[in-house]
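A.B. asks: Take a look at this one; I'll ask things after.
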Amino acid sequence: MAKVTCVLYDDPVDGYPQAYAREGLPKIDQYPGGQKLPTPKAIDFTPGALLGSVSGGLGLRAFLESNGHEFVVTSDKDGPNSRFERELVDAEIVISQPFWPAYLTAERIAKASKLKLAITAGVGSDHVDLQAAIDRGITVTEVTYSNSISVSEHAVMMILGLVRNYISSYQWVIKGGWNIADCVSRPYDVEGMHVGTVAAGRIGTAILRRLKPFDVHLHYFDRQRLPEAVEKELGVLWRPTVEDMVKVCDVVTINAPLHPQTENLFDDALLSKMKRGAYIVNTARGKICDRDAIARALESGQLAGYAGDVWFPQPAPNDHPWRSMPHHGMTPHVSGSSLSAQARYAAGTREILECWFEGRPIRDEYLIVDGGKLAGTGARSYSAGNATGGSEGAARFKAKG
């Protein structure tokens with residue numbers, strides 16, 4: 001029997017929900033492009049419930065404990081005295097989410113002598129030192145596509161929120177004002193703007209599809225070009241380098257995975273090549289952007305706005321400059337954890353566990369590292385290496401409250 005250690009975000013401050021805003025979820029039969037939804041043999045939760053916090057437990061407790069496995073769930077994940085650090089020592093399986101990541105650094109992996117499987121309940125496994133996992137023969141998986149559309153919707157919302165100056169206008173209402181001039185001194189129409197995505201995978205392409213009806217000019221950079229038919233359908237232009245794309249765009253949306261080749265990609269040098277007054281929306285990973293370079297660009301006016309829900313580390317310390325820089329639209333990392341997405345990534349996590357315990361192959365699209373090498377989606381989307389450096393800073397959030 002296995003010990004499964006699961007790190008999830010805290011329950012709501014007002015307590016676990018007794019009722020929800022809506023009953024049930026809209027039904028979808030498959031992901032765009034035909035990939036099947038998660039297919040566990042059964043689920044022990046109601047779709048539409050809060051599953052991603054500690055009390056929700058991803059709906060796994062009954063399944064795991066009825067089969068004799070030990071299931072430990074905690075939100076205490078950062079620092080050498082955290083519960084995660086203590087429970088990791090004899091855990092065979094670790095489950096974590098990108099939104100409240102349990103950073104599996106090389107140091108932690110070295111302490112976890114029994115660790116065999118790391119599951120990301122969601123998409124994005126950069127909180128795992130992939131090189132260390134490769135070296136130790138640990139299998140790393142994620143529930144590919146489970147929240148990709150959720151993230152794409154959030155990105156489009158943020159693009160519109162920045163360009164139309166929504167947040168500032170909303171704040172005048174909260175203050176009891178009716179300050180029309182203050183509200184309309186910064187908004188523009190999205191129509192006619194040039195919008196580009198860094199990476200055009202599932203999320204990037206979904207954003208392009210959702211923006212096309214706004215009559216914008218679409219661009220993308222990716223190491224692999226989209227099929228010609230898709231480029232024509234969307235009217236999107238491929239740019240051979242990131243630099244070539246950002247210099248023509250009014251809005252840039254970042255949708256690439258974090259790995260050593262994308263870490264701090266948006267630094268002072270790249271930001272200086274953008275149009276003055278451009279906007280960036282980052283729902284990929286915070287570490288793709290140089291933290292201080294973004295703040296400087298907003299202060300100088302090189303950027304007109306920056307929005308996203310990804311930070312580094314996570315949770316962000318209270319003195320993180322993205323909390324206080326001007327003209328930002330930051331949220332906690334929530335884009336991929338809608339109630340709709342939670343149902344899918346919880347079901348996908350159970351599917352992975354069922355395969356693991358029964359000795360059945362895990363779906364190729366769920367694999368990141370397997371057999372001592374990048375595999376499946378990992379081989380197509382990541383590079384070997386480590387992007388967890390500096391993650392110990394997340395402990396400062398807990399320390400400062």
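Here's how to read the names in the structure tokens: chain A, B, ... by the order shown, residue numbers from 1 in each chain, ligand numbers from 1 in the order shown.
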Leaving out Leu58 of chain A and any residue of its chain fewer than 2 positions from it, which residues lie within 12 Å of it when counting only C-alpha atoms, given as a PyMOL selection string?
C.D. replies: chain A and resi 6-9+43-56+60-64+71-73+95-97+120-122+337+339+341-350
A.B. asks: If you run DSSP on the backbone here, which positions in segment 132-344 of chain A get strand (DSSP E or B)? Please write them as an MDAnalysis selection string.
C.D. replies: chainID A and resid 139:142 194:198 217:221 236:238 251:254 266 278:282 289 303:308 328
A.B. asks: Please save C-alpha atoms of the selected residues as a PDB file, in the first residue's frame.
C.D. replies:
ATOM      1  CA  THR A 139       7.570   9.540 -13.045  1.00  0.00           C
ATOM      2  CA  VAL A 140       6.086  13.036 -13.423  1.00  0.00           C
ATOM      3  CA  THR A 141       2.579  13.501 -14.803  1.00  0.00           C
ATOM      4  CA  GLU A 142       0.019  16.253 -15.285  1.00  0.00           C
ATOM      5  CA  HIS A 194      -2.050  43.743 -33.028  1.00  0.00           C
ATOM      6  CA  VAL A 195      -2.162  40.886 -30.549  1.00  0.00           C
ATOM      7  CA  GLY A 196       0.477  38.157 -30.329  1.00  0.00           C
ATOM      8  CA  THR A 197       0.906  34.987 -28.315  1.00  0.00           C
ATOM      9  CA  VAL A 198       4.207  33.539 -27.158  1.00  0.00           C
ATOM     10  CA  HIS A 217      -4.529  41.469 -36.127  1.00  0.00           C
ATOM     11  CA  LEU A 218      -3.207  38.162 -34.793  1.00  0.00           C
ATOM     12  CA  HIS A 219       0.422  37.007 -34.512  1.00  0.00           C
ATOM     13  CA  TYR A 220       2.205  34.116 -32.849  1.00  0.00           C
ATOM     14  CA  PHE A 221       5.647  32.780 -32.098  1.00  0.00           C
ATOM     15  CA  VAL A 236      -2.716  34.605 -37.822  1.00  0.00           C
ATOM     16  CA  LEU A 237       0.850  35.418 -38.828  1.00  0.00           C
ATOM     17  CA  TRP A 238       3.792  33.339 -37.602  1.00  0.00           C
ATOM     18  CA  VAL A 251      -0.824  43.226 -26.683  1.00  0.00           C
ATOM     19  CA  VAL A 252       1.335  40.191 -25.914  1.00  0.00           C
ATOM     20  CA  THR A 253      -0.074  37.139 -24.151  1.00  0.00           C
ATOM     21  CA  ILE A 254       2.381  34.600 -22.722  1.00  0.00           C
ATOM     22  CA  PHE A 266      10.876  39.010 -20.770  1.00  0.00           C
ATOM     23  CA  ALA A 278       2.011  47.839 -24.985  1.00  0.00           C
ATOM     24  CA  TYR A 279       0.274  45.409 -22.646  1.00  0.00           C
ATOM     25  CA  ILE A 280       1.384  42.010 -21.375  1.00  0.00           C
ATOM     26  CA  VAL A 281      -0.926  39.292 -20.071  1.00  0.00           C
ATOM     27  CA  ASN A 282       0.847  36.339 -18.477  1.00  0.00           C
ATOM     28  CA  CYS A 289       9.119  37.473 -16.827  1.00  0.00           C
ATOM     29  CA  LEU A 303       4.274  49.063 -20.598  1.00  0.00           C
ATOM     30  CA  ALA A 304       0.763  50.483 -20.297  1.00  0.00           C
ATOM     31  CA  GLY A 305      -0.386  47.510 -18.272  1.00  0.00           C
ATOM     32  CA  TYR A 306       0.517  44.037 -17.019  1.00  0.00           C
ATOM     33  CA  ALA A 307      -1.931  41.407 -15.861  1.00  0.00           C
ATOM     34  CA  GLY A 308      -1.683  37.787 -14.959  1.00  0.00           C
ATOM     35  CA  HIS A 328      -1.479  46.006 -13.015  1.00  0.00           C
TER      36      HIS A 328
END
A.B. asks: Of the candidates A:Gly301, A:Glu23, A:Pro213, A:Ala256, which shows the shortest atom-to-atom distance to Ser272 of chain A, using only C-alpha atoms?
C.D. replies: A:Gly301
A.B. asks: Name the residues of segment 249-285 of chain A that come out as helix (DSSP H, G or I) in a backbone DSSP run; write them as an NGL selection string.
C.D. replies: :A and (268-272)
A.B. asks: May I ask for the distance between atom CA of Asp29 of chain A and atom CA of Glu358 of chain A, given in Å to one decimal place?
C.D. replies: 26.0 Å
A.B. asks: For Tyr166 of chain A, which residue out of A:Gly329, A:Gly24, A:Gly378, A:Gly336 is the nearest one, using only C-alpha atoms?
C.D. replies: A:Gly329
A.B. asks: In Å, how far is it from atom CA of Ser125 of chain A to atom CA of Leu208 of chain A?
C.D. replies: 23.9 Å
A.B. asks: When you look at Glu92 of chain A with a cut-off of 6 Å (counting only C-alpha atoms), what residues show up, excluding the ones that are within fewer than 6 positions of it in the same chain? I need them as number ranges by chain.
C.D. replies: A: 2-3, 114-116
A.B. asks: Near Ala110 of chain A, within 12 Å and counting only C-alpha atoms, which residues show up once chain neighbours fewer than 6 positions away are dropped, as number ranges by chain?
C.D. replies: A: 85, 88-90, 104, 129, 132-133, 135-136, 138
A.B. asks: By how many Å are atom CA of Ala293 of chain A and atom CA of Lys273 of chain A apart?
C.D. replies: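 Atom CA of Ala293 of chain A sits 13.0 Å away from atom CA of Lys273 of chain A.
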A.B. asks: Segment 79-84 of chain A: which residues within 8 Å, counting only C-alpha atoms, same-chain residues fewer than 3 positions away excluded, as a ChimeraX atom specification?
C.D. replies: /A:5,7,74,76,87-88,102,392,395
A.B. asks: I need the chosen residues saved as a JSON list (two decimals), in the first residue's frame, with C-alpha atoms.
C.D. replies:
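Printed below is again04.json as written:
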[["chain", "number", "residue", "atom", "x", "y", "z"],
["A", 5, "THR", "CA", 0.85, 13.13, 0.12],
["A", 7, "VAL", "CA", -0.72, 19.56, -1.17],
["A", 74, "THR", "CA", -2.09, 19.63, 3.78],
["A", 76, "ASP", "CA", 1.49, 23.66, 4.80],
["A", 87, "GLU", "CA", 5.44, 13.84, 5.17],
["A", 88, "LEU", "CA", 7.57, 13.74, 2.03],
["A", 102, "ALA", "CA", 4.60, 21.95, -3.56],
["A", 392, "GLU", "CA", 12.22, 28.88, -0.98],
["A", 395, "ALA", "CA", 7.96, 30.65, 2.87]]
A.B. asks: Restricting the calculation to only C-alpha atoms, which member of A:Pro17, A:Gly389, A:Gly68, A:Gly161 is positioned closest to Val4 of chain A?
C.D. replies: A:Gly68
A.B. asks: Identify, on the basis of only C-alpha atoms, every residue whose closest approach to Asp309 of chain A does not exceed 10 Å; exclude the query and any residue fewer than 4 positions from it along the same chain; express the result as a ChimeraX atom specification.
C.D. replies: /A:99,151,154-155,158,281-286,329-336
A.B. asks: Keeping only N, CA, C and O atoms, write the selected residues as a PDB file, in the first residue's frame.
C.D. replies:
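Listing of selection-v2.pdb after writing:
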ATOM      1  N   PHE A  99      -1.338  26.059  -8.618  1.00  0.00           N
ATOM      2  CA  PHE A  99      -1.875  27.260  -7.973  1.00  0.00           C
ATOM      3  C   PHE A  99      -1.294  27.461  -6.565  1.00  0.00           C
ATOM      4  O   PHE A  99      -1.262  28.570  -6.051  1.00  0.00           O
ATOM      5  N   VAL A 151      -7.981  28.668 -18.655  1.00  0.00           N
ATOM      6  CA  VAL A 151      -6.914  29.676 -18.666  1.00  0.00           C
ATOM      7  C   VAL A 151      -7.081  30.625 -19.850  1.00  0.00           C
ATOM      8  O   VAL A 151      -6.892  31.840 -19.722  1.00  0.00           O
ATOM      9  N   HIS A 154      -9.616  33.220 -19.109  1.00  0.00           N
ATOM     10  CA  HIS A 154      -9.101  34.184 -18.136  1.00  0.00           C
ATOM     11  C   HIS A 154      -8.179  35.187 -18.821  1.00  0.00           C
ATOM     12  O   HIS A 154      -8.209  36.392 -18.529  1.00  0.00           O
ATOM     13  N   ALA A 155      -7.355  34.694 -19.750  1.00  0.00           N
ATOM     14  CA  ALA A 155      -6.424  35.577 -20.459  1.00  0.00           C
ATOM     15  C   ALA A 155      -7.171  36.614 -21.290  1.00  0.00           C
ATOM     16  O   ALA A 155      -6.805  37.800 -21.303  1.00  0.00           O
ATOM     17  N   MET A 158      -8.533  39.264 -19.093  1.00  0.00           N
ATOM     18  CA  MET A 158      -7.512  40.203 -18.628  1.00  0.00           C
ATOM     19  C   MET A 158      -7.079  41.162 -19.728  1.00  0.00           C
ATOM     20  O   MET A 158      -6.790  42.337 -19.449  1.00  0.00           O
ATOM     21  N   VAL A 281      -0.092  40.164 -20.905  1.00  0.00           N
ATOM     22  CA  VAL A 281      -0.926  39.292 -20.071  1.00  0.00           C
ATOM     23  C   VAL A 281      -0.201  37.956 -19.949  1.00  0.00           C
ATOM     24  O   VAL A 281       0.125  37.328 -20.957  1.00  0.00           O
ATOM     25  N   ASN A 282       0.067  37.545 -18.733  1.00  0.00           N
ATOM     26  CA  ASN A 282       0.847  36.339 -18.477  1.00  0.00           C
ATOM     27  C   ASN A 282       0.055  35.382 -17.599  1.00  0.00           C
ATOM     28  O   ASN A 282      -0.044  35.574 -16.391  1.00  0.00           O
ATOM     29  N   THR A 283      -0.512  34.373 -18.221  1.00  0.00           N
ATOM     30  CA  THR A 283      -1.184  33.308 -17.469  1.00  0.00           C
ATOM     31  C   THR A 283      -0.400  32.008 -17.589  1.00  0.00           C
ATOM     32  O   THR A 283      -0.951  30.932 -17.358  1.00  0.00           O
ATOM     33  N   ALA A 284       0.894  32.115 -17.950  1.00  0.00           N
ATOM     34  CA  ALA A 284       1.732  30.923 -18.119  1.00  0.00           C
ATOM     35  C   ALA A 284       2.472  30.643 -16.813  1.00  0.00           C
ATOM     36  O   ALA A 284       2.007  29.841 -16.001  1.00  0.00           O
ATOM     37  N   ARG A 285       3.590  31.320 -16.611  1.00  0.00           N
ATOM     38  CA  ARG A 285       4.345  31.198 -15.371  1.00  0.00           C
ATOM     39  C   ARG A 285       5.044  32.528 -15.093  1.00  0.00           C
ATOM     40  O   ARG A 285       5.591  33.164 -15.993  1.00  0.00           O
ATOM     41  N   GLY A 286       5.028  32.928 -13.829  1.00  0.00           N
ATOM     42  CA  GLY A 286       5.586  34.220 -13.453  1.00  0.00           C
ATOM     43  C   GLY A 286       7.053  34.348 -13.789  1.00  0.00           C
ATOM     44  O   GLY A 286       7.533  35.425 -14.158  1.00  0.00           O
ATOM     45  N   GLY A 329      -3.088  44.243 -13.232  1.00  0.00           N
ATOM     46  CA  GLY A 329      -4.365  43.559 -13.030  1.00  0.00           C
ATOM     47  C   GLY A 329      -4.143  42.163 -12.508  1.00  0.00           C
ATOM     48  O   GLY A 329      -4.731  41.198 -13.007  1.00  0.00           O
ATOM     49  N   MET A 330      -3.277  42.026 -11.497  1.00  0.00           N
ATOM     50  CA  MET A 330      -2.893  40.712 -10.995  1.00  0.00           C
ATOM     51  C   MET A 330      -3.980  40.079 -10.138  1.00  0.00           C
ATOM     52  O   MET A 330      -4.708  40.756  -9.416  1.00  0.00           O
ATOM     53  N   THR A 331      -4.065  38.760 -10.230  1.00  0.00           N
ATOM     54  CA  THR A 331      -4.904  37.963  -9.334  1.00  0.00           C
ATOM     55  C   THR A 331      -4.037  36.841  -8.772  1.00  0.00           C
ATOM     56  O   THR A 331      -2.975  36.531  -9.320  1.00  0.00           O
ATOM     57  N   PRO A 332      -4.459  36.210  -7.671  1.00  0.00           N
ATOM     58  CA  PRO A 332      -3.781  34.964  -7.286  1.00  0.00           C
ATOM     59  C   PRO A 332      -3.889  33.964  -8.437  1.00  0.00           C
ATOM     60  O   PRO A 332      -4.672  34.169  -9.375  1.00  0.00           O
ATOM     61  N   HIS A 333      -3.157  32.888  -8.370  1.00  0.00           N
ATOM     62  CA  HIS A 333      -3.153  31.927  -9.479  1.00  0.00           C
ATOM     63  C   HIS A 333      -4.474  31.149  -9.485  1.00  0.00           C
ATOM     64  O   HIS A 333      -4.596  30.088  -8.881  1.00  0.00           O
ATOM     65  N   VAL A 334      -5.447  31.676 -10.193  1.00  0.00           N
ATOM     66  CA  VAL A 334      -6.797  31.111 -10.177  1.00  0.00           C
ATOM     67  C   VAL A 334      -7.329  30.761 -11.564  1.00  0.00           C
ATOM     68  O   VAL A 334      -8.375  30.129 -11.688  1.00  0.00           O
ATOM     69  N   SER A 335      -6.621  31.157 -12.631  1.00  0.00           N
ATOM     70  CA  SER A 335      -7.206  31.017 -13.972  1.00  0.00           C
ATOM     71  C   SER A 335      -7.572  29.583 -14.304  1.00  0.00           C
ATOM     72  O   SER A 335      -8.579  29.333 -14.971  1.00  0.00           O
ATOM     73  N   GLY A 336      -6.774  28.626 -13.855  1.00  0.00           N
ATOM     74  CA  GLY A 336      -7.024  27.231 -14.199  1.00  0.00           C
ATOM     75  C   GLY A 336      -7.713  26.443 -13.121  1.00  0.00           C
ATOM     76  O   GLY A 336      -7.724  25.206 -13.173  1.00  0.00           O
TER      77      GLY A 336
END
A.B. asks: Would you mind telling me which residue in A:Ala21, A:Val163, A:Thr205, A:Asp292 lies nearest to Gly277 of chain A when using only C-alpha atoms?
C.D. replies: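 Checking each of A:Ala21, A:Val163, A:Thr205, A:Asp292 against Gly277 of chain A, counting only C-alpha atoms, the winner is A:Val163.
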